[in-house]
$ cat start02.cif   # mmCIF, N, CA and C atoms
data_target
#
loop_
_atom_site.label_atom_id
_atom_site.label_comp_id
_atom_site.auth_asym_id
_atom_site.auth_seq_id
_atom_site.Cartn_x
_atom_site.Cartn_y
_atom_site.Cartn_z
N THR A 1 17.48 -7.11 -6.54
CA THR A 1 16.32 -6.26 -6.72
C THR A 1 16.21 -5.86 -8.18
N LEU A 2 15.04 -5.96 -8.73
CA LEU A 2 14.79 -5.56 -10.11
C LEU A 2 14.58 -4.06 -10.17
N GLN A 3 15.39 -3.37 -10.97
CA GLN A 3 15.22 -1.93 -11.15
C GLN A 3 14.84 -1.68 -12.60
N ARG A 4 13.94 -0.72 -12.80
CA ARG A 4 13.46 -0.42 -14.15
C ARG A 4 13.65 1.05 -14.43
N SER A 5 14.05 1.34 -15.64
CA SER A 5 14.23 2.75 -16.03
C SER A 5 13.13 3.22 -16.96
N THR A 6 12.18 2.33 -17.28
CA THR A 6 11.06 2.70 -18.13
C THR A 6 9.76 2.29 -17.44
N PRO A 7 8.67 2.99 -17.71
CA PRO A 7 7.38 2.64 -17.09
C PRO A 7 6.91 1.24 -17.51
N PHE A 8 6.14 0.61 -16.64
CA PHE A 8 5.55 -0.69 -16.96
C PHE A 8 4.13 -0.73 -16.41
N LEU A 9 3.32 -1.59 -16.98
CA LEU A 9 1.91 -1.71 -16.61
C LEU A 9 1.77 -2.51 -15.33
N ILE A 10 1.03 -1.97 -14.37
CA ILE A 10 0.71 -2.69 -13.14
C ILE A 10 -0.50 -3.58 -13.44
N PRO A 11 -0.47 -4.84 -13.00
CA PRO A 11 -1.62 -5.73 -13.27
C PRO A 11 -2.93 -5.15 -12.73
N ASP A 12 -4.03 -5.61 -13.30
CA ASP A 12 -5.36 -5.15 -12.87
C ASP A 12 -5.59 -5.40 -11.40
N PHE A 13 -6.27 -4.46 -10.76
CA PHE A 13 -6.68 -4.61 -9.38
C PHE A 13 -8.17 -4.96 -9.37
N THR A 14 -8.75 -5.09 -8.18
CA THR A 14 -10.18 -5.37 -8.06
C THR A 14 -10.98 -4.08 -7.99
N GLY A 15 -10.38 -2.97 -8.34
CA GLY A 15 -11.03 -1.67 -8.33
C GLY A 15 -10.20 -0.68 -9.13
N ARG A 16 -10.63 0.56 -9.12
CA ARG A 16 -9.95 1.63 -9.86
C ARG A 16 -9.03 2.38 -8.90
N ALA A 17 -7.78 2.63 -9.30
CA ALA A 17 -6.83 3.37 -8.47
C ALA A 17 -7.28 4.82 -8.34
N VAL A 18 -7.36 5.33 -7.10
CA VAL A 18 -7.78 6.70 -6.87
C VAL A 18 -6.72 7.54 -6.17
N GLN A 19 -5.71 6.88 -5.58
CA GLN A 19 -4.64 7.62 -4.92
C GLN A 19 -3.40 6.74 -4.84
N ILE A 20 -2.23 7.36 -4.92
CA ILE A 20 -0.97 6.66 -4.70
C ILE A 20 -0.16 7.43 -3.68
N ALA A 21 0.71 6.73 -2.99
CA ALA A 21 1.61 7.36 -2.01
C ALA A 21 2.92 6.59 -2.06
N ALA A 22 4.02 7.29 -1.82
CA ALA A 22 5.33 6.65 -1.88
C ALA A 22 6.18 7.02 -0.69
N GLY A 23 6.85 6.02 -0.14
CA GLY A 23 7.85 6.21 0.89
C GLY A 23 9.22 6.11 0.25
N THR A 24 10.24 5.90 1.04
CA THR A 24 11.60 5.82 0.51
C THR A 24 11.79 4.62 -0.40
N HIS A 25 11.30 3.45 0.02
CA HIS A 25 11.49 2.22 -0.75
C HIS A 25 10.20 1.44 -0.95
N HIS A 26 9.05 2.10 -0.82
CA HIS A 26 7.78 1.40 -0.99
C HIS A 26 6.74 2.35 -1.57
N SER A 27 5.73 1.77 -2.19
CA SER A 27 4.63 2.54 -2.76
C SER A 27 3.31 1.89 -2.37
N LEU A 28 2.27 2.72 -2.28
CA LEU A 28 0.93 2.26 -1.94
C LEU A 28 -0.06 2.73 -2.98
N VAL A 29 -1.09 1.95 -3.19
CA VAL A 29 -2.18 2.32 -4.08
C VAL A 29 -3.48 2.14 -3.31
N LEU A 30 -4.33 3.17 -3.33
CA LEU A 30 -5.67 3.08 -2.74
C LEU A 30 -6.67 2.94 -3.87
N LEU A 31 -7.54 1.96 -3.78
CA LEU A 31 -8.55 1.73 -4.80
C LEU A 31 -9.87 2.36 -4.41
N ASP A 32 -10.73 2.55 -5.39
CA ASP A 32 -12.04 3.17 -5.12
C ASP A 32 -12.93 2.33 -4.21
N ASN A 33 -12.60 1.07 -4.00
CA ASN A 33 -13.37 0.22 -3.09
C ASN A 33 -12.79 0.22 -1.67
N GLY A 34 -11.75 1.04 -1.43
CA GLY A 34 -11.14 1.15 -0.10
C GLY A 34 -10.00 0.19 0.16
N GLN A 35 -9.73 -0.72 -0.76
CA GLN A 35 -8.61 -1.64 -0.59
C GLN A 35 -7.29 -0.93 -0.86
N MET A 36 -6.23 -1.39 -0.19
CA MET A 36 -4.89 -0.85 -0.39
C MET A 36 -3.95 -1.95 -0.86
N TYR A 37 -3.06 -1.59 -1.77
CA TYR A 37 -2.02 -2.49 -2.24
C TYR A 37 -0.67 -1.82 -2.04
N ALA A 38 0.35 -2.63 -1.79
CA ALA A 38 1.70 -2.10 -1.55
C ALA A 38 2.72 -2.94 -2.32
N HIS A 39 3.82 -2.29 -2.67
CA HIS A 39 4.97 -3.04 -3.19
C HIS A 39 6.23 -2.26 -2.86
N GLY A 40 7.35 -2.96 -2.95
CA GLY A 40 8.64 -2.37 -2.59
C GLY A 40 9.19 -3.05 -1.34
N ARG A 41 9.97 -2.32 -0.59
CA ARG A 41 10.62 -2.86 0.61
C ARG A 41 9.59 -3.06 1.72
N THR A 42 9.64 -4.22 2.34
CA THR A 42 8.72 -4.56 3.41
C THR A 42 9.50 -5.08 4.59
N ILE A 43 9.15 -4.62 5.78
CA ILE A 43 9.75 -5.16 7.00
C ILE A 43 8.64 -5.86 7.76
N SER A 44 8.82 -7.16 7.97
CA SER A 44 7.78 -7.92 8.66
C SER A 44 7.89 -7.73 10.16
N GLY A 45 6.92 -8.23 10.88
CA GLY A 45 6.88 -8.08 12.33
C GLY A 45 8.08 -8.68 13.04
N ASP A 46 8.75 -9.66 12.43
CA ASP A 46 9.91 -10.27 13.07
C ASP A 46 11.22 -9.59 12.67
N GLY A 47 11.13 -8.48 11.93
CA GLY A 47 12.32 -7.73 11.52
C GLY A 47 12.91 -8.16 10.18
N THR A 48 12.34 -9.19 9.56
CA THR A 48 12.82 -9.65 8.27
C THR A 48 12.48 -8.61 7.19
N THR A 49 13.46 -8.31 6.34
CA THR A 49 13.26 -7.34 5.26
C THR A 49 13.24 -8.08 3.93
N PHE A 50 12.29 -7.75 3.07
CA PHE A 50 12.24 -8.32 1.73
C PHE A 50 11.61 -7.32 0.78
N PHE A 51 11.76 -7.57 -0.51
CA PHE A 51 11.25 -6.68 -1.54
C PHE A 51 10.14 -7.37 -2.31
N ARG A 52 9.07 -6.65 -2.57
CA ARG A 52 7.97 -7.15 -3.39
C ARG A 52 7.87 -6.26 -4.61
N MET A 53 8.08 -6.84 -5.77
CA MET A 53 8.01 -6.06 -7.00
C MET A 53 6.60 -6.04 -7.57
N SER A 54 5.76 -6.98 -7.16
CA SER A 54 4.36 -6.98 -7.58
C SER A 54 3.51 -6.54 -6.39
N PRO A 55 2.53 -5.68 -6.62
CA PRO A 55 1.69 -5.21 -5.51
C PRO A 55 0.93 -6.35 -4.84
N ILE A 56 0.84 -6.27 -3.51
CA ILE A 56 0.04 -7.22 -2.75
C ILE A 56 -0.97 -6.43 -1.92
N ARG A 57 -2.10 -7.04 -1.65
CA ARG A 57 -3.13 -6.37 -0.86
C ARG A 57 -2.64 -6.21 0.58
N VAL A 58 -2.86 -5.03 1.14
CA VAL A 58 -2.47 -4.77 2.52
C VAL A 58 -3.52 -5.38 3.44
N GLU A 59 -3.09 -6.29 4.27
CA GLU A 59 -3.96 -6.93 5.26
C GLU A 59 -3.58 -6.39 6.63
N THR A 60 -4.52 -6.31 7.53
CA THR A 60 -4.24 -5.81 8.87
C THR A 60 -4.46 -6.91 9.91
N SER A 61 -3.83 -6.74 11.06
CA SER A 61 -4.01 -7.70 12.14
C SER A 61 -5.25 -7.37 12.97
N ILE A 62 -5.89 -6.24 12.67
CA ILE A 62 -7.12 -5.85 13.35
C ILE A 62 -8.24 -5.76 12.32
N GLN A 63 -9.45 -5.82 12.78
CA GLN A 63 -10.61 -5.70 11.90
C GLN A 63 -10.86 -4.24 11.56
N VAL A 64 -10.69 -3.88 10.31
CA VAL A 64 -10.98 -2.51 9.85
C VAL A 64 -12.32 -2.57 9.15
N THR A 65 -13.34 -2.02 9.79
CA THR A 65 -14.69 -2.10 9.24
C THR A 65 -15.08 -0.84 8.47
N GLU A 66 -14.27 0.21 8.59
CA GLU A 66 -14.56 1.46 7.90
C GLU A 66 -13.80 1.52 6.57
N ARG A 67 -14.36 2.17 5.63
CA ARG A 67 -13.72 2.35 4.33
C ARG A 67 -12.54 3.31 4.47
N ILE A 68 -11.40 2.95 3.87
CA ILE A 68 -10.23 3.82 3.87
C ILE A 68 -10.42 4.88 2.79
N GLU A 69 -10.22 6.15 3.16
CA GLU A 69 -10.45 7.27 2.25
C GLU A 69 -9.18 8.00 1.83
N PHE A 70 -8.11 7.90 2.64
CA PHE A 70 -6.89 8.66 2.35
C PHE A 70 -5.68 7.88 2.83
N ILE A 71 -4.58 7.91 2.06
CA ILE A 71 -3.34 7.27 2.46
C ILE A 71 -2.18 8.24 2.28
N THR A 72 -1.16 8.05 3.09
CA THR A 72 0.09 8.79 2.94
C THR A 72 1.22 7.89 3.38
N ALA A 73 2.41 8.14 2.89
CA ALA A 73 3.56 7.30 3.23
C ALA A 73 4.72 8.17 3.68
N GLY A 74 5.52 7.62 4.58
CA GLY A 74 6.71 8.29 5.07
C GLY A 74 7.93 7.46 4.75
N TYR A 75 9.01 7.74 5.42
CA TYR A 75 10.29 7.08 5.17
C TYR A 75 10.14 5.56 5.16
N GLU A 76 9.69 4.98 6.26
CA GLU A 76 9.47 3.54 6.34
C GLU A 76 8.11 3.24 6.97
N SER A 77 7.12 4.07 6.65
CA SER A 77 5.82 3.91 7.28
C SER A 77 4.72 4.32 6.31
N PHE A 78 3.49 4.04 6.70
CA PHE A 78 2.35 4.57 5.97
C PHE A 78 1.21 4.77 6.95
N PHE A 79 0.28 5.62 6.58
CA PHE A 79 -0.89 5.91 7.39
C PHE A 79 -2.12 5.87 6.50
N ALA A 80 -3.22 5.49 7.09
CA ALA A 80 -4.50 5.45 6.38
C ALA A 80 -5.55 6.09 7.26
N VAL A 81 -6.43 6.88 6.64
CA VAL A 81 -7.52 7.53 7.36
C VAL A 81 -8.83 6.98 6.81
N SER A 82 -9.70 6.55 7.72
CA SER A 82 -10.98 5.98 7.32
C SER A 82 -12.01 7.09 7.07
N GLN A 83 -13.15 6.70 6.54
CA GLN A 83 -14.23 7.65 6.25
C GLN A 83 -14.73 8.34 7.51
N ASN A 84 -14.55 7.74 8.67
CA ASN A 84 -14.98 8.35 9.93
C ASN A 84 -13.85 9.09 10.65
N GLY A 85 -12.67 9.18 10.02
CA GLY A 85 -11.55 9.91 10.60
C GLY A 85 -10.63 9.10 11.48
N THR A 86 -10.83 7.78 11.54
CA THR A 86 -9.94 6.93 12.32
C THR A 86 -8.60 6.82 11.60
N LEU A 87 -7.51 6.98 12.35
CA LEU A 87 -6.15 6.91 11.78
C LEU A 87 -5.56 5.53 12.04
N TYR A 88 -5.03 4.92 11.00
CA TYR A 88 -4.37 3.62 11.09
C TYR A 88 -2.92 3.78 10.64
N SER A 89 -2.05 2.95 11.23
CA SER A 89 -0.64 2.97 10.85
C SER A 89 -0.11 1.55 10.82
#
$ encode --input "start02.cif" --output "structure tokens"
Amino acid sequence: TLQRSTPFLIPDFTGRAVQIAAGTHHSLVLLDNGQMYAHGRTISGDGTTFFRMSPIRVETSIQVTERIEFITAGYESFFAVSQNGTLYS
């Protein structure tokens, strides 16, 4: 795992960052267009654990048609709230 003790520039996104959230080993960025990006420790559906040092867009297995307005992160989880108040995890 690459560890850094000094700040570094995150590559450009397709929007402007409006919120960040951090869990124990992962971070999330919410953009002004409602897209979310994540990096850090990831556990896939099959239980495989890996680390992503570059942010990747968060994709869902369900169709999310509402704009995401708020994000928060926990120990090994994250939640997103849409503009209509729908909660996603």
$ closest_residue --input "start02.cif" --among "A:Ala21, A:Ile56, A:Phe8, A:Gly15" --to "Ala38 (chain A)" --atoms "only N, CA and C atoms"
A:Ile56
$ resolve_selection --input "start02.cif" --expression "the PyMOL selection byres (((chain A and resi 54 and name CA) around 8) and name CA)" --output "NGL selection string"
:A and (10 or 39 or 52-53 or 55-56)
$ atom_distance --input "start02.cif" --atom1 "atom N of Glu69 (chain A)" --atom2 "CA of Gln83 (chain A)"
5.3 Å
$ atom_distance --input "start02.cif" --atom1 "CA of Thr14 (chain A)" --atom2 "atom N of Gly34 (chain A)"
9.4 Å
$ atom_distance --input "start02.cif" --atom1 "CA of Glu76 (chain A)" --atom2 "CA of Val58 (chain A)"
15.0 Å
$ closest_residue --input "start02.cif" --among "A:Tyr88, A:Thr72, A:Thr6, A:Gln63" --to "Leu28 (chain A)" --atoms "only C-alpha atoms"
A:Thr72
$ closest_residue --input "start02.cif" --among "A:Phe79, A:Ala17, A:Leu31, A:Tyr37" --to "Arg67 (chain A)" --atoms "only C-alpha atoms"
A:Leu31
